[in-house]
Structures are given as structure tokens and as C-alpha cells.
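File shown here: coords-v4.cif, holding mmCIF, C-alpha atoms.
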```
data_work
#
loop_
_atom_site.label_atom_id
_atom_site.label_comp_id
_atom_site.auth_asym_id
_atom_site.auth_seq_id
_atom_site.Cartn_x
_atom_site.Cartn_y
_atom_site.Cartn_z
CA MET I 1447 0.00 0.00 0.00
CA ILE I 1448 1.29 3.46 -0.88
CA GLY I 1449 1.50 6.30 1.63
CA GLU I 1450 -0.48 9.52 1.81
CA PHE I 1451 2.17 11.68 0.14
CA GLU I 1452 2.74 9.09 -2.56
CA TYR I 1453 -1.00 9.14 -3.24
CA LEU I 1454 -0.96 12.94 -3.49
CA LEU I 1455 1.91 12.79 -5.95
CA ILE I 1456 0.32 10.16 -8.18
CA THR I 1457 -3.00 12.00 -8.18
CA ALA I 1458 -1.37 15.35 -8.99
CA ALA I 1459 0.65 13.76 -11.79
CA VAL I 1460 -2.44 12.10 -13.28
CA ARG I 1461 -4.31 15.39 -13.09
CA LEU I 1462 -1.47 17.23 -14.86
CA GLY I 1463 -1.11 14.56 -17.55
CA GLU I 1464 1.56 15.44 -20.11
CA GLU I 1465 2.51 18.55 -18.12
CA ALA I 1466 3.52 16.64 -14.99
CA TYR I 1467 6.96 17.66 -13.77
CA GLY I 1468 8.56 18.77 -10.49
CA ALA I 1469 7.46 22.40 -10.20
CA ALA I 1470 3.95 21.76 -11.59
CA ILE I 1471 3.32 18.80 -9.27
CA ARG I 1472 4.57 20.82 -6.33
CA GLN I 1473 2.28 23.71 -7.17
CA GLU I 1474 -0.67 21.35 -7.61
CA ILE I 1475 -0.10 19.72 -4.24
CA GLU I 1476 0.36 23.04 -2.44
CA ALA I 1477 -2.76 24.49 -4.08
CA THR I 1478 -4.99 21.52 -3.24
CA THR I 1479 -3.74 20.69 0.25
CA GLY I 1480 -2.73 24.17 1.42
CA ARG I 1481 0.49 22.64 2.76
CA ARG I 1482 4.04 23.45 1.77
CA CYS I 1483 5.69 20.73 -0.28
CA SER I 1484 9.47 20.66 -0.05
CA LEU I 1485 11.59 19.79 -3.06
CA GLY I 1486 13.40 17.20 -0.94
CA ALA I 1487 10.18 15.34 -0.15
CA LEU I 1488 8.98 15.70 -3.73
CA TYR I 1489 12.03 14.35 -5.53
CA THR I 1490 12.83 11.57 -3.09
CA THR I 1491 9.21 10.40 -3.35
CA VAL I 1492 9.31 10.61 -7.15
CA ASP I 1493 12.39 8.38 -7.07
CA ARG I 1494 10.73 5.93 -4.70
CA LEU I 1495 7.63 5.73 -6.89
CA GLU I 1496 9.82 5.18 -9.93
CA THR I 1497 11.66 2.36 -8.15
CA LYS I 1498 8.32 0.77 -7.31
CA GLY I 1499 7.30 1.01 -10.95
CA PHE I 1500 4.50 3.53 -10.36
CA PHE I 1501 6.22 6.39 -12.22
CA ARG I 1502 8.36 6.72 -15.30
CA THR I 1503 10.49 9.83 -15.58
CA ARG I 1504 12.56 11.41 -18.32
CA MET I 1505 14.37 14.71 -18.81
CA GLY I 1506 12.30 17.12 -20.88
CA ASP I 1507 13.31 20.15 -22.89
CA ALA I 1508 14.90 23.27 -21.47
CA THR I 1509 12.66 26.34 -21.42
CA PRO I 1510 13.52 30.06 -21.08
CA GLN I 1511 11.18 30.59 -18.08
CA ARG I 1512 13.28 28.00 -16.22
CA GLY I 1513 16.54 29.76 -16.98
CA GLY I 1514 17.23 27.34 -19.82
CA ARG I 1515 17.06 24.31 -17.56
CA ALA I 1516 15.33 21.03 -18.33
CA LYS I 1517 12.26 19.62 -16.58
CA ARG I 1518 12.06 16.16 -15.11
CA MET I 1519 8.87 14.91 -16.71
CA VAL I 1520 6.76 12.35 -14.86
CA ARG I 1521 4.32 9.80 -16.23
CA VAL I 1522 2.15 7.56 -14.07
CA THR I 1523 2.19 3.90 -15.09
CA PRO I 1524 -0.93 1.66 -15.02
CA LYS I 1525 0.57 0.03 -11.92
CA GLY I 1526 0.74 3.47 -10.29
CA VAL I 1527 -2.89 4.20 -11.19
CA GLN I 1528 -3.92 0.88 -9.64
CA ALA I 1529 -1.94 1.63 -6.47
CA ALA I 1530 -3.66 5.03 -6.15
CA LYS I 1531 -7.08 3.40 -6.70
CA ASP I 1532 -6.35 0.81 -4.00
CA PHE I 1533 -5.29 3.54 -1.59
CA TYR I 1534 -8.38 5.61 -2.33
CA HIS I 1535 -10.73 2.64 -1.82
CA ALA I 1536 -9.00 1.69 1.41
CA VAL I 1537 -9.35 5.23 2.77
CA THR I 1538 -12.98 5.59 1.77
CA ARG I 1539 -13.89 2.15 3.20
CA VAL I 1540 -12.13 2.73 6.47
CA SER I 1541 -13.80 6.16 6.70
CA GLN I 1542 -17.35 4.84 6.44
CA GLY I 1543 -19.44 5.71 9.46
CA VAL I 1544 -17.04 8.18 11.00
CA SER I 1545 -18.39 11.64 11.72
CA TRP I 1546 -16.10 13.66 9.47
CA ALA I 1547 -16.85 11.44 6.47
CA ALA I 1548 -20.67 11.53 6.83
CA ASN I 1549 -22.53 12.10 3.54
CA ARG I 1550 -19.32 11.49 1.60
CA THR I 1551 -18.81 7.74 1.71
CA GLU I 1552 -22.35 6.38 2.10
CA SER I 1553 -22.73 5.87 -1.61
CA LEU I 1554 -19.62 3.68 -1.80
CA SER I 1555 -20.98 0.80 0.28
CA MET F 377 23.18 39.25 0.08
CA SER F 378 20.70 37.24 -1.97
CA GLU F 379 23.30 36.80 -4.71
CA ALA F 380 25.64 35.27 -2.17
CA VAL F 381 22.86 32.92 -1.04
CA TRP F 382 22.15 31.94 -4.65
CA LEU F 383 25.85 31.19 -5.06
CA LEU F 384 25.55 28.98 -2.00
CA VAL F 385 22.51 27.29 -3.56
CA SER F 386 24.58 26.55 -6.68
CA PHE F 387 27.41 25.22 -4.55
CA VAL F 388 25.18 22.94 -2.47
CA ALA F 389 23.37 21.76 -5.61
CA GLN F 390 26.69 20.40 -6.90
CA LEU F 391 26.16 17.49 -4.51
CA LEU F 392 23.14 16.40 -6.55
CA GLU F 393 23.26 14.28 -9.68
CA ARG F 394 23.55 16.31 -12.87
CA ASP F 395 19.99 15.73 -14.14
CA GLU F 396 18.45 16.28 -10.76
CA ARG F 397 20.46 19.46 -10.24
CA GLU F 398 19.22 20.73 -13.58
CA ALA F 399 15.58 19.95 -12.78
CA VAL F 400 15.72 21.36 -9.25
CA ARG F 401 17.37 24.62 -10.23
CA GLY F 402 14.90 25.01 -13.08
CA ASP F 403 12.00 24.40 -10.68
CA LEU F 404 13.32 27.08 -8.33
CA VAL F 405 13.59 29.61 -11.14
CA GLU F 406 10.15 28.74 -12.50
CA ALA F 407 8.53 29.01 -9.05
CA GLY F 408 10.22 32.39 -8.52
CA GLU F 409 11.57 31.13 -5.21
CA SER F 410 13.58 33.63 -3.16
CA ALA F 411 17.13 32.85 -2.09
CA TRP F 412 16.74 31.57 1.49
CA PRO F 413 13.75 29.23 0.90
CA ALA F 414 15.60 27.95 -2.19
CA LEU F 415 18.66 27.21 -0.07
CA VAL F 416 16.55 25.40 2.53
CA ASP F 417 14.87 23.38 -0.24
CA VAL F 418 18.12 22.36 -1.90
CA LEU F 419 19.78 21.61 1.44
CA GLY F 420 16.82 19.46 2.39
CA LEU F 421 17.07 17.48 -0.83
CA VAL F 422 20.86 17.07 -0.50
CA VAL F 423 20.51 15.84 3.08
CA ARG F 424 17.84 13.33 2.07
CA ARG F 425 19.93 12.12 -0.87
CA GLN F 426 23.07 11.77 1.22
CA ALA F 427 21.16 10.02 4.01
CA GLY F 428 19.73 7.63 1.42
CA LEU F 429 23.22 6.77 0.18
CA TRP F 430 24.34 5.76 3.67
CA LYS F 431 21.71 3.00 3.83
CA ASN F 432 24.09 1.05 1.63
CA TRP F 433 27.22 -0.65 3.09
CA ARG F 434 29.58 0.71 0.43
CA PRO F 435 29.97 4.29 1.69
CA TRP F 436 30.62 2.94 5.20
CA LEU F 437 33.28 0.58 3.95
CA ALA F 438 34.88 3.28 1.77
CA ALA F 439 34.93 5.95 4.48
CA PHE F 440 35.38 4.11 7.78
CA GLY F 441 36.76 0.77 6.62
CA LEU F 442 39.28 2.12 4.14
CA ALA F 443 39.87 5.89 3.96
CA LEU F 444 40.21 6.55 7.69
CA PRO F 445 42.37 3.58 8.83
CA SER F 446 44.41 3.48 5.63
CA THR F 447 45.38 7.12 5.99
CA PHE F 448 46.94 6.39 9.38
CA LEU F 449 48.75 3.32 8.07
CA LEU F 450 49.91 5.01 4.88
CA MET F 451 51.22 8.01 6.78
CA GLY F 452 53.18 5.62 8.99
CA TYR F 453 54.49 3.84 5.94
CA SER F 454 55.37 7.14 4.22
CA LEU F 455 57.44 8.03 7.27
CA SER F 456 59.09 4.61 7.17
CA VAL F 457 59.98 5.09 3.48
CA SER F 458 61.46 8.52 4.24
CA GLN F 459 63.56 7.07 7.04
CA THR F 460 64.73 4.24 4.81
CA TYR F 461 65.74 6.80 2.21
CA GLN F 462 67.56 8.86 4.80
CA HIS F 463 69.30 5.82 6.23
CA PHE F 464 70.48 4.09 3.06
CA ILE F 465 70.53 6.60 0.24
CA GLY F 466 70.94 10.05 1.73
CA PRO F 467 74.52 9.55 3.00
CA THR F 468 75.52 7.72 -0.20
CA ILE F 469 74.44 10.61 -2.38
CA LEU F 470 76.10 13.12 -0.09
CA LYS F 471 79.44 11.40 -0.51
CA THR F 472 79.31 12.31 -4.23
CA THR F 473 82.13 9.88 -4.98
CA GLY F 474 81.97 6.09 -4.98
CA LEU F 475 78.21 5.90 -5.28
CA THR F 476 77.35 2.37 -4.17
CA LEU F 477 73.83 1.06 -4.13
CA GLY F 478 73.71 -1.93 -1.86
CA PRO F 479 70.81 -3.99 -0.46
CA GLY F 480 69.43 -0.83 1.11
CA PHE F 481 68.56 0.53 -2.31
CA SER F 482 66.53 -2.53 -3.31
CA LEU F 483 64.69 -2.40 0.02
CA LEU F 484 63.94 1.28 -0.56
CA MET F 485 62.66 0.56 -4.07
CA CYS F 486 60.40 -2.19 -2.68
CA ASN F 487 59.08 0.22 -0.07
CA VAL F 488 58.45 2.97 -2.59
CA LEU F 489 56.66 0.64 -5.01
CA LEU F 490 54.63 -0.83 -2.17
CA LEU F 491 53.64 2.63 -0.98
CA ILE F 492 52.53 3.55 -4.50
CA GLY F 493 50.67 0.25 -4.91
CA TRP F 494 48.86 0.46 -1.59
CA SER F 495 47.99 4.15 -2.03
CA TRP F 496 46.80 3.78 -5.62
CA THR F 497 44.66 0.69 -4.99
CA GLY F 498 43.24 2.19 -1.79
CA GLY F 499 42.33 5.42 -3.57
CA PHE F 500 40.89 3.52 -6.51
CA VAL F 501 38.65 1.36 -4.30
CA VAL F 502 37.42 4.39 -2.31
CA GLY F 503 36.46 6.09 -5.59
CA SER F 504 34.88 3.02 -7.14
CA LEU F 505 32.94 1.97 -4.02
CA SER F 506 31.01 5.16 -3.53
CA ARG F 507 31.34 8.09 -5.89
CA ARG F 508 28.69 10.32 -4.34
CA THR F 509 30.01 10.05 -0.78
CA VAL F 510 33.63 10.47 -1.78
CA TRP F 511 33.75 13.88 -0.10
CA VAL F 512 33.11 12.19 3.26
CA SER F 513 35.93 9.72 2.61
CA ALA F 514 38.19 12.63 1.63
CA ALA F 515 37.29 14.53 4.80
CA LEU F 516 37.97 11.43 6.89
CA SER F 517 41.40 11.20 5.28
CA CYS F 518 42.15 14.85 5.97
CA LEU F 519 41.41 14.62 9.70
CA PRO F 520 44.15 12.11 10.60
CA SER F 521 46.52 13.87 8.19
CA LEU F 522 46.08 17.21 9.95
CA PHE F 523 46.26 15.54 13.35
CA CYS F 524 49.57 13.83 12.55
CA LEU F 525 51.06 16.83 10.76
CA ALA F 526 50.41 18.96 13.83
CA ARG F 527 52.10 16.43 16.12
CA PHE F 528 55.06 15.53 13.91
CA ARG F 529 58.26 15.69 15.98
CA VAL F 530 61.07 14.11 13.90
CA GLU F 531 63.85 16.68 13.72
CA SER F 532 65.70 15.25 10.73
CA LEU F 533 62.66 14.95 8.45
CA SER F 534 60.15 17.36 7.02
CA ARG F 535 56.62 16.80 8.28
CA PHE F 536 55.42 16.62 4.69
CA CYS F 537 57.15 13.24 4.32
CA LEU F 538 53.99 11.90 6.01
CA LEU F 539 52.08 12.78 2.88
CA LEU F 540 54.14 10.81 0.35
CA PHE F 541 51.16 8.53 -0.16
CA LEU F 542 48.91 11.39 -1.21
CA VAL F 543 49.81 11.72 -4.90
CA PRO F 544 49.30 8.03 -5.83
CA ALA F 545 46.19 7.90 -3.62
CA ILE F 546 44.61 10.89 -5.38
CA TRP F 547 45.60 9.44 -8.75
CA GLY F 548 43.94 6.13 -7.81
CA LEU F 549 40.86 7.92 -6.48
CA TRP F 550 40.50 9.87 -9.70
CA ARG F 551 40.80 6.69 -11.78
CA GLY F 552 38.32 4.88 -9.51
CA LEU F 553 35.79 7.66 -9.94
CA ARG F 554 36.13 7.50 -13.70
CA ILE F 555 36.45 3.85 -14.65
CA THR F 556 35.01 1.94 -11.65
CA ARG F 557 36.98 -1.26 -12.35
CA ILE F 558 40.14 -2.39 -14.11
CA LYS F 559 40.85 -5.40 -16.33
CA LEU F 560 41.26 -8.74 -14.59
CA SER F 561 44.83 -9.17 -15.87
CA SER F 562 45.86 -5.72 -14.58
CA ALA F 563 44.08 -6.27 -11.27
CA LEU F 564 45.74 -9.65 -10.82
CA PHE F 565 49.15 -8.22 -11.65
CA LEU F 566 48.66 -5.39 -9.16
CA ALA F 567 47.44 -7.69 -6.39
CA VAL F 568 50.27 -10.21 -6.84
CA ALA F 569 52.86 -7.42 -7.07
CA VAL F 570 51.57 -5.66 -3.95
CA THR F 571 51.43 -8.91 -2.00
CA ALA F 572 54.91 -9.95 -3.16
CA LEU F 573 56.33 -6.56 -2.25
CA THR F 574 55.11 -6.94 1.33
CA VAL F 575 57.41 -9.96 1.81
CA PRO F 576 60.64 -7.94 2.29
CA THR F 577 58.88 -5.82 4.91
CA TRP F 578 58.55 -8.91 7.15
CA SER F 579 62.19 -8.66 8.07
CA GLY F 580 62.07 -4.91 8.61
CA LYS F 581 61.37 -3.18 11.87
CA GLY F 582 58.02 -1.66 12.65
CA PRO F 583 54.44 -2.81 12.77
CA TRP F 584 54.15 -4.63 9.43
CA ILE F 585 51.20 -6.81 10.43
CA PRO F 586 48.61 -3.96 10.32
CA ASN F 587 50.03 -3.00 6.95
CA TRP F 588 48.69 -6.27 5.52
CA ALA F 589 45.30 -4.62 5.85
CA LEU F 590 46.41 -2.25 3.10
CA SER F 591 46.62 -5.11 0.62
CA TRP F 592 42.93 -6.00 0.59
CA PRO F 593 41.92 -3.22 -1.87
CA ALA F 594 44.21 -4.81 -4.46
CA TRP F 595 42.44 -8.16 -4.04
CA TYR F 596 39.07 -6.40 -4.02
CA LEU F 597 39.97 -5.13 -7.49
CA VAL F 598 40.60 -8.72 -8.58
CA ALA F 599 37.26 -9.83 -7.13
CA THR F 600 35.34 -7.07 -8.92
CA ALA F 601 37.26 -7.19 -12.20
CA GLY F 602 34.94 -9.82 -13.66
CA ARG F 603 31.70 -8.06 -12.75
CA PRO F 604 29.76 -6.09 -15.37
CA ILE F 605 30.55 -2.37 -15.23
CA TRP F 606 26.86 -1.35 -15.26
CA LEU F 607 26.25 -3.46 -12.17
CA LEU F 608 29.17 -1.88 -10.30
CA ARG F 609 28.00 1.62 -11.24
CA LYS F 610 24.46 0.82 -10.15
CA GLU F 611 25.70 -0.58 -6.83
CA ARG F 612 27.98 2.35 -6.06
CA ASN F 613 25.22 4.87 -6.79
CA GLY F 614 23.04 3.07 -4.27
CA GLU F 615 20.31 2.50 -6.80
#
```
Go ahead and express the file in the form of C-alpha cells.
Amino acid sequence: MIGEFEYLLITAAVRLGEEAYGAAIRQEIEATTGRRCSLGALYTTVDRLETKGFFRTRMGDATPQRGGRAKRMVRVTPKGVQAAKDFYHAVTRVSQGVSWAANRTESLS
Amino acid sequence: MSEAVWLLVSFVAQLLERDEREAVRGDLVEAGESAWPALVDVLGLVVRRQAGLWKNWRPWLAAFGLALPSTFLLMGYSLSVSQTYQHFIGPTILKTTGLTLGPGFSLLMCNVLLLIGWSWTGGFVVGSLSRRTVWVSAALSCLPSLFCLARFRVESLSRFCLLLFLVPAIWGLWRGLRITRIKLSSALFLAVAVTALTVPTWSGKGPWIPNWALSWPAWYLVATAGRPIWLLRKERNGE
């Protein structure tokens, strides 16, 4: 089972699609969670997910708005999508009946 | 001030792999990050990366099993070589006439070759074992060097004779960082030569038994000579 931050990363990368790379994923996570995402946590988790076979990464093109530096592009593999689905189902199932999840998970049972 | 911090960011980022450094610095520019948060971010990533490397046994072996103890032993051996030179050759050369090179000269040559062999193979193995933590191994070599240099009390010799091992060790380290392993025939030749050269030291004075520990890097090179280069590089990068 993947962890919470790994789930956030996979979900952000899927949402960004072809435009998934370090800075964009970081911005997406910070915007949706309201929490600061450090580059250290981001890149070490990207590596871990790649080792597990959930991500594939490659170096993209350099762009002027990045000072002529390349992006590390991320693509979620089908195995990564499945891992995120499993995590999501586990969280929603375990949340059924608890007060903070009322009206959100009833339909899943 | 912020320019100085950005310089520091660039310096710290040198500890990252080339591609990662490129991506991280690009991300910082794109996000419009200011200098101090950028430094904290890069430092955080470097610390995590370095910590990750130390989960592997190779950096430990390179730094604490080889660089640190070998530096002490090689400094001792450098001193021994200098004393041998002073004892057998120095006076002969000073006489200027009737230059005779007796058994002392062959012993000195053995010692010099052995010092070069031990230093080169030790440096090579440190470089090939763990490229990304080599700065820790280098720092661990500097500490005993500075310690001994500060306490050197032999009147007739310069304190820098302790550092005779340094040039071949740096040469070996540089080669180890670049090529990771050497051919089996070369490795075997080196290991046999180094081992054979230790034989004359048995009869000499001084603690020669610990010096045997300096021969294992040569045999390590033999053991790794047959392994595929991609596997060695993958292992040393802790992947």
C-alpha cells in the first residue's frame, strides 16, 4: 500500500497529464492541500515511486522561463494508477461511518 | 546578500546528480523562489539524498573501513619510506664519490613501489565503491593527516614526508571515480605485485602486520574485475 504523500503525488501527476513535472506537481499539491511541499520530499518520493514502478520519468526540454534548464517529466504507469485506486478505496472504506466522512462515503458501500 | 545565497545554492546543488540538479534549479527559477527558501529546499534534498546513500554498506566501507584507517597506516608507511631513504641513500648521495647502491637501495625501491601500490589501490577502491560520498571519505582522510602533521616531531625529516602517499592515492581515487573497475589481468598483476612486495617488509622493523590490511583493496579489485561495469556503477550509486 502506498502512503499519503505518494497518493498525493500520483493524483497530482495524473491530473497534470503530459505537463507533470517537479514544479507543476509541487504547485498542484500546495494548491490543493494548502500545505508546503518541499523539493526534498517531492524528488525523493518521485524516485521511490519510480523504483516501485508507479512512475516513469525522463528529462524534458529546457525552457527560457526556467533559466534554460530542463524539466524532469513524470508519467504515471498503469501500476501506479492501480496503487492510487487501491489507496483511495481503502481510505474511503475505512472512513465509512465516521463523523467527518458523513454524507461522503455512504454511496460507496 | 541574496546573490551570495544563490551562489551557496549553486554550490550545495553540486552534490546532486547532474539531471536532478538541472531539474531542481529550473523548478526554483520557475517558481520564482527567493534565495533563502531555495537554499533550505536544496539543502533538504541534498541531506535526504546523502542520508539515502548511507543505507548502503559501500559508503561505510569506503569511508570508515578504508579511507580513515588506511590514511593512518599510509602516513606511517610514508614516514618509514622517508627514514629508509635517509638511512640508506641520503649519505651515499652526499658522498658524491663512490656511489654504491647496496641492499638498502633494493629495500627502498620495494618500499616505494609498495607505498605507491597500496595508495593507488586504496584510492581507486574508495572512488569506485562510492562516488557520491567520496567527499566524506576525503574529509575522513584529511582529519588524521592534519592531526599527525600537527604532532610531527622528527627533527631530521620534514613533516610533509607523512604525505608521500597522497599523490598516488589521489591518482587512484580519480581513476576509480572515472572507470570503476580495471581489467582482470591488470588487477591480478597489481594484487600479486603488492602482495609480493610486502614480503621484504617482514624482516624490517616496525608494525608490518597492520600494513597487511592495506593489501585488501588490491584483491578487491581482482574480485570485482569480472563483474559487469553497469552493475558496479548501479551498486555504487546506491540505486
Min atom-atom distance to F:Trp588 from the set F:Leu505, F:Leu566, F:Leu490, F:Ala438, counting only C-alpha atoms, belongs to F:Leu490
If the cut-off is 6 Å, can you tell me the residues of chain I near chain F, counting all atoms listed in the file? I'd like them as a list in words.
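Every residue meeting the condition is included here: Ala1469, Leu1485, Gly1486, Gln1511, Arg1512, Arg1515, Ala1516, Lys1517 and Arg1518 of chain I.
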Contacts of F:Phe541 at 12 Å (only C-alpha atoms; same-chain gap of 3+ positions) as an MDAnalysis selection string:
chainID F and resid 446:458 487:499 517 521 536:538 544:548
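When all atoms listed in the file are used to measure the gap to F:Ser513, the shortest distance among F:Arg535, F:Arg557, F:Arg434, F:Arg529 belongs to F:Arg434.
Residues in contact with F:Val381 at 7 Å, where all atoms listed in the file are counted and same-chain residues fewer than 3 positions away are skipped, are listed as Met377, Ser378, Leu384, Val385, Ala411 and Trp412 of chain F.
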Env of I:Lys1531: 12 Å cut, atoms = all atoms listed in the file, seq-sep filter 3 positions within chain, self excluded. Answer as JSON, numbers by chain.
{"I": [1447, 1448, 1453, 1454, 1456, 1457, 1460, 1524, 1525, 1526, 1527, 1528, 1534, 1535, 1536, 1537, 1538]}
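Between atom CA of F:Leu573 and atom CA of F:Cys486 there is a distance of 6.0 Å.
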Run the PyMOL selection byres ((chain I and resi 1499) around 9) on the file and write out the hits as an MDAnalysis selection string.
chainID I and resid 1494:1498 1500:1502 1522:1523 1525:1526
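Applied to the file shown here, the PyMOL selection byres ((chain I and resi 1520) around 9) selects the residues Ala1459, Gly1463, Glu1464, Glu1465, Ala1466, Tyr1467, Gly1468, Val1492, Phe1501, Arg1502, Thr1503, Arg1504, Met1505, Arg1518, Met1519, Arg1521 and Val1522 of chain I.
What the PyMOL selection byres ((chain F and resi 597) around 8) grabs from this file is F:Thr497, F:Val501, F:Arg557, F:Ile558, F:Ala563, F:Ala567, F:Pro593, F:Ala594, F:Trp595, F:Tyr596, F:Val598, F:Ala599, F:Thr600, F:Ala601.
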So how far away is atom CA of I:Arg1539 from atom CA of I:Glu1452, in Å?
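Between atom CA of I:Glu1452 and atom CA of I:Arg1539 the gap works out to 18.9 Å.
Here atom CA of F:His463 is placed at a distance of 29.1 Å from atom CA of F:Leu444.
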